Each structure stands twice: as C-alpha cells, then as structure tokens.
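One file, my_file.txt, carrying compact mmCIF, C-alpha atoms:
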```txt
# COMPACT_ATOMS: atom_id res chain seq x y z
CA MET G 1 109.03 -27.88 -11.04
CA HIS G 2 109.68 -28.98 -7.49
CA SER G 3 113.05 -30.27 -6.30
CA THR G 4 114.52 -31.06 -2.90
CA ILE G 5 118.10 -31.39 -1.77
CA ALA G 6 119.03 -32.47 1.76
CA ILE G 7 121.93 -33.30 4.05
CA GLU G 8 122.41 -34.80 7.52
CA VAL G 9 124.38 -32.64 9.96
CA ALA G 10 125.99 -33.87 13.20
CA ALA G 11 125.04 -30.69 15.06
CA PRO G 12 121.96 -29.48 16.93
CA PRO G 13 119.23 -27.96 14.73
CA GLY G 14 119.28 -24.71 16.72
CA LEU G 15 122.95 -24.19 15.88
CA VAL G 16 122.38 -24.92 12.19
CA PHE G 17 119.41 -22.53 12.12
CA THR G 18 121.39 -19.77 13.85
CA LEU G 19 124.18 -20.05 11.28
CA ALA G 20 121.96 -20.26 8.20
CA ARG G 21 119.39 -17.60 9.06
CA ASP G 22 121.94 -14.77 9.04
CA VAL G 23 121.84 -14.38 5.25
CA GLU G 24 123.79 -11.11 5.32
CA ARG G 25 126.82 -13.10 6.55
CA TRP G 26 126.65 -15.71 3.80
CA GLU G 27 129.25 -13.87 1.72
CA ARG G 28 131.69 -14.27 4.64
CA LEU G 29 130.66 -17.79 5.69
CA LEU G 30 130.30 -19.44 2.28
CA PRO G 31 133.38 -19.32 0.02
CA HIS G 32 131.26 -19.67 -3.13
CA TYR G 33 129.14 -16.59 -2.27
CA ALA G 34 130.50 -13.29 -3.53
CA LEU G 35 127.61 -11.17 -2.26
CA SER G 36 124.71 -11.34 0.20
CA ARG G 37 123.71 -7.78 0.84
CA ALA G 38 120.40 -6.44 2.16
CA LYS G 39 118.87 -3.84 -0.14
CA GLU G 40 115.73 -3.29 1.93
CA ARG G 41 114.54 -4.03 5.47
CA ARG G 42 110.77 -4.38 5.57
CA THR G 43 108.52 -3.61 8.53
CA ASP G 44 107.39 -7.27 8.66
CA GLY G 45 110.99 -8.29 9.49
CA SER G 46 111.81 -9.64 6.06
CA LEU G 47 114.80 -8.50 4.04
CA VAL G 48 115.24 -7.99 0.33
CA VAL G 49 118.72 -9.31 -0.37
CA ASP G 50 120.95 -9.35 -3.44
CA PHE G 51 122.86 -12.62 -3.76
CA VAL G 52 125.71 -13.59 -6.05
CA ALA G 53 127.08 -17.12 -5.87
CA ARG G 54 129.69 -18.78 -8.02
CA ARG G 55 128.57 -21.94 -9.75
CA PRO G 56 131.74 -24.05 -10.03
CA LEU G 57 132.77 -24.83 -13.60
CA ILE G 58 136.33 -26.08 -13.26
CA GLY G 59 136.75 -26.94 -9.57
CA LEU G 60 140.47 -27.60 -9.57
CA LEU G 61 141.18 -24.17 -11.03
CA GLY G 62 138.62 -22.42 -8.84
CA LEU G 63 136.73 -21.09 -11.85
CA GLY G 64 133.05 -20.42 -11.47
CA LEU G 65 130.19 -18.69 -13.21
CA PRO G 66 128.62 -15.88 -11.16
CA VAL G 67 124.88 -16.35 -10.63
CA ALA G 68 122.87 -13.39 -9.31
CA TRP G 69 119.35 -13.09 -7.91
CA ARG G 70 117.34 -10.98 -5.49
CA SER G 71 115.12 -12.53 -2.80
CA ARG G 72 112.75 -11.39 -0.15
CA THR G 73 113.81 -13.55 2.76
CA TRP G 74 112.60 -14.20 6.28
CA ASN G 75 112.98 -16.89 8.90
CA GLU G 76 110.54 -18.71 11.14
CA PRO G 77 112.31 -19.54 14.43
CA ALA G 78 109.47 -21.66 15.88
CA THR G 79 109.73 -24.14 12.99
CA ARG G 80 113.40 -23.47 12.10
CA ARG G 81 112.50 -22.56 8.54
CA LEU G 82 114.14 -20.10 6.19
CA ARG G 83 112.09 -18.69 3.33
CA PHE G 84 113.22 -17.07 0.10
CA ALA G 85 110.91 -15.60 -2.53
CA HIS G 86 112.97 -14.73 -5.61
CA VAL G 87 111.84 -11.31 -6.82
CA ALA G 88 114.42 -10.56 -9.53
CA GLY G 89 116.87 -12.37 -11.77
CA ALA G 90 116.48 -15.41 -14.00
CA THR G 91 114.81 -17.28 -11.12
CA LYS G 92 112.16 -14.62 -10.44
CA GLY G 93 109.13 -16.40 -9.00
CA MET G 94 111.11 -19.24 -7.39
CA ASP G 95 109.95 -20.13 -3.88
CA VAL G 96 112.56 -21.69 -1.58
CA THR G 97 112.01 -23.23 1.85
CA TRP G 98 114.74 -24.50 4.14
CA ARG G 99 113.64 -26.99 6.80
CA ILE G 100 116.00 -27.70 9.69
CA GLU G 101 114.75 -30.64 11.75
CA ALA G 102 116.08 -32.66 14.65
CA VAL G 103 117.15 -36.18 13.70
CA GLY G 104 118.69 -38.29 16.46
CA ASP G 105 121.59 -36.31 17.93
CA GLY G 106 121.83 -34.05 14.90
CA SER G 107 119.85 -32.40 12.16
CA ARG G 108 118.48 -32.89 8.70
CA VAL G 109 118.52 -29.82 6.51
CA SER G 110 116.39 -29.91 3.38
CA ILE G 111 115.86 -27.21 0.80
CA ASP G 112 112.74 -27.25 -1.36
CA HIS G 113 112.76 -25.26 -4.59
CA ASP G 114 109.52 -24.54 -6.44
CA PHE G 115 110.00 -22.88 -9.80
CA ARG G 116 107.39 -22.55 -12.51
CA PRO G 117 108.66 -20.29 -15.30
CA ARG G 118 106.66 -19.79 -18.49
CA VAL G 119 108.89 -22.27 -20.33
CA ALA G 120 108.83 -25.46 -18.25
CA ILE G 121 112.07 -26.89 -19.64
CA PHE G 122 113.88 -23.80 -18.29
CA ALA G 123 113.07 -24.92 -14.74
CA ALA G 124 114.75 -28.29 -15.25
CA PHE G 125 117.81 -26.63 -16.78
CA VAL G 126 118.09 -24.11 -13.91
CA ASP G 127 117.66 -26.89 -11.33
CA ARG G 128 120.38 -29.13 -12.74
CA ALA G 129 122.82 -26.50 -13.93
CA PHE G 130 122.58 -23.95 -11.10
CA THR G 131 120.21 -24.65 -8.20
CA ARG G 132 121.50 -28.10 -7.22
CA PRO G 133 125.22 -27.32 -7.57
CA ILE G 134 124.96 -24.06 -5.58
CA ALA G 135 122.53 -25.40 -2.95
CA GLY G 136 124.61 -28.57 -2.55
CA ARG G 137 127.74 -26.57 -1.90
CA THR G 138 125.84 -24.29 0.49
CA LEU G 139 124.56 -27.28 2.49
CA ALA G 140 128.00 -28.92 2.58
CA THR G 141 129.60 -25.71 3.87
CA PHE G 142 126.97 -25.14 6.56
CA LYS G 143 127.37 -28.81 7.57
CA ALA G 144 131.14 -28.35 8.01
CA LEU G 145 130.71 -25.09 9.94
CA ALA G 146 127.99 -26.42 12.26
CA GLU G 147 129.82 -29.67 12.96
CA ALA G 148 133.06 -27.83 13.74
CA LEU G 149 131.24 -25.49 16.13
CA ALA G 150 129.35 -28.37 17.75
CA ASP G 151 132.64 -30.24 18.33
CA GLU G 152 134.17 -27.16 19.98
CA SER G 153 131.24 -26.80 22.37
CA ASP G 154 131.06 -30.50 23.33
CA PRO G 155 132.55 -30.87 26.85
CA LEU G 156 132.88 -34.65 26.36
CA ARG G 157 134.97 -34.29 23.25
CA PRO G 158 138.36 -36.00 23.65
CA THR G 159 141.22 -33.55 23.88
CA ASN G 160 144.83 -34.03 23.00
CA THR G 161 146.65 -34.41 26.34
CA SER G 162 150.07 -35.27 24.93
CA THR G 163 152.87 -32.75 25.45
```
Using the file provided, produce a representation of the structure as structure tokens.
Amino acid sequence: MHSTIAIEVAAPPGLVFTLARDVERWERLLPHYALSRAKERRTDGSLVVDFVARRPLIGLLGLGLPVAWRSRTWNEPATRRLRFAHVAGATKGMDVTWRIEAVGDGSRVSIDHDFRPRVAIFAAFVDRAFTRPIAGRTLATFKALAEALADESDPLRPTNTST
C-alpha cells in the first residue's frame, strides 16, 4: 500500500530540512514523540533509531497509545529528502520518504509511506489508525516550528513599537 500525506509550510525548505533531519532531537521537538534514540551509527552515515510516538486517542485528556518502531534512517541534503527503512516493529518493511520542496516563498513537505505486509488489509489499518495520525501531527508540529523560526529571522517582519 502506498499513501502520501503533505502540508504547505511558510518557511524556506532549507530551514524545514534542517529541523526535520535531526531525528535524534524529535523527542524534544515533537510533543507526541516519547523517544527518538540512535541505537547504531553506521559507516555509511545512516542511523538505526528507536522511535516511540503517542497516537492520540482522547485528545482533550492527552491520552495516547504508544507506538514503537525501529528505522534505519538517513538524509539526502542535495534533494532535501529524509529516508526511513523500518527494520523492526509492526511496520517492519515500511519504506518512508520525506520530500521537502520549494513552493513559492515557502515549502511543501510530503511523506510517502510504502508498506506491503503479508496481509494486505493490515497495511490499510496501520495507515489509517497509526501512520496518518502520527505523520499528520509530526508535519503540523514541524510546520509550526519552522514558521515561528522563519518569522524570527525575517528582518522585514513588523515589530511592536508601542511602549
């Protein structure tokens, strides 16, 4: 099964890429991530990282179901892509590609998920119940972070001059 989720971000693609590619910081940058810890650093520059994210169940109460997986991850600066090959967990075999592209004065961030488990219906369930909710929240948080940082660095941004 292939699925794509995307968002427009009012920030330069280089800034978005810089924020997103540091996967070891995700647990500090993304409130719904409980863990993003490197288990192995490979000679090719890739990392094997354990991730735990909370899939919201009852948003108002802040309750969420922890979802864990392990990925080999690397980034491609020339094309502003992030790659994740899931190597353990229920999503073992999932291939994920982030594309961060310039669009007008900002960026478009899309995440492609390719998942082909033995039982095809499992892929649709995982996509709707876990992948989309977690990826959607991840994109929304990176959008807010990048846009806030872009606003701070914009010298033409109006400032409050009242005293």
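Residues in contact with stretch 70-80 of chain G at up to 7 Å, not including ones fewer than 6 positions away on its chain and judged by all atoms listed in the file, are G:Phe17, G:Arg21, G:Gly45, G:Ser46, G:Leu47, G:Val48, G:Val49, G:Asp50, G:Phe51, G:His86, G:Val87, G:Ala88, G:Gly89, G:Arg99, G:Ile100.
With all atoms listed in the file taken into account, every residue lying no more than 7 Å from the file point (133.3, -16.5, -5.6) is included here: Pro31, His32, Tyr33, Ala34, Ala53 and Arg54 of chain G.
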Could you jot down the atom CA of G:Thr138 to atom CA of G:Ala90 separation for me, Å, one decimal place?
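Computing it gives 19.4 Å between the two atoms.
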Non-local contacts of G:Glu8 (10 Å; only C-alpha atoms; under 6 positions in same chain excluded) as a PyMOL selection string
chain G and resi 100-103+106-110+139-140+143
Keeping C-alpha atoms, export the residues of the selection given above as a compact mmCIF listing (two decimals), keeping the file's coordinate frame.
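Generated file (out19.txt):
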```txt
# COMPACT_ATOMS: atom_id res chain seq x y z
CA ILE G 100 116.00 -27.70 9.69
CA GLU G 101 114.75 -30.64 11.75
CA ALA G 102 116.08 -32.66 14.65
CA VAL G 103 117.15 -36.18 13.70
CA GLY G 106 121.83 -34.05 14.90
CA SER G 107 119.85 -32.40 12.16
CA ARG G 108 118.48 -32.89 8.70
CA VAL G 109 118.52 -29.82 6.51
CA SER G 110 116.39 -29.91 3.38
CA LEU G 139 124.56 -27.28 2.49
CA ALA G 140 128.00 -28.92 2.58
CA LYS G 143 127.37 -28.81 7.57
```
Distance atom CA of G:Phe125-atom CA of G:Thr91, one decimal place?
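These two atoms are separated by 11.3 Å.
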Find the residue from G:Ala129, G:His113, G:Asp105, G:Gly136 that sits nearest to G:Ala10; use all atoms listed in the file when measuring.
G:Asp105
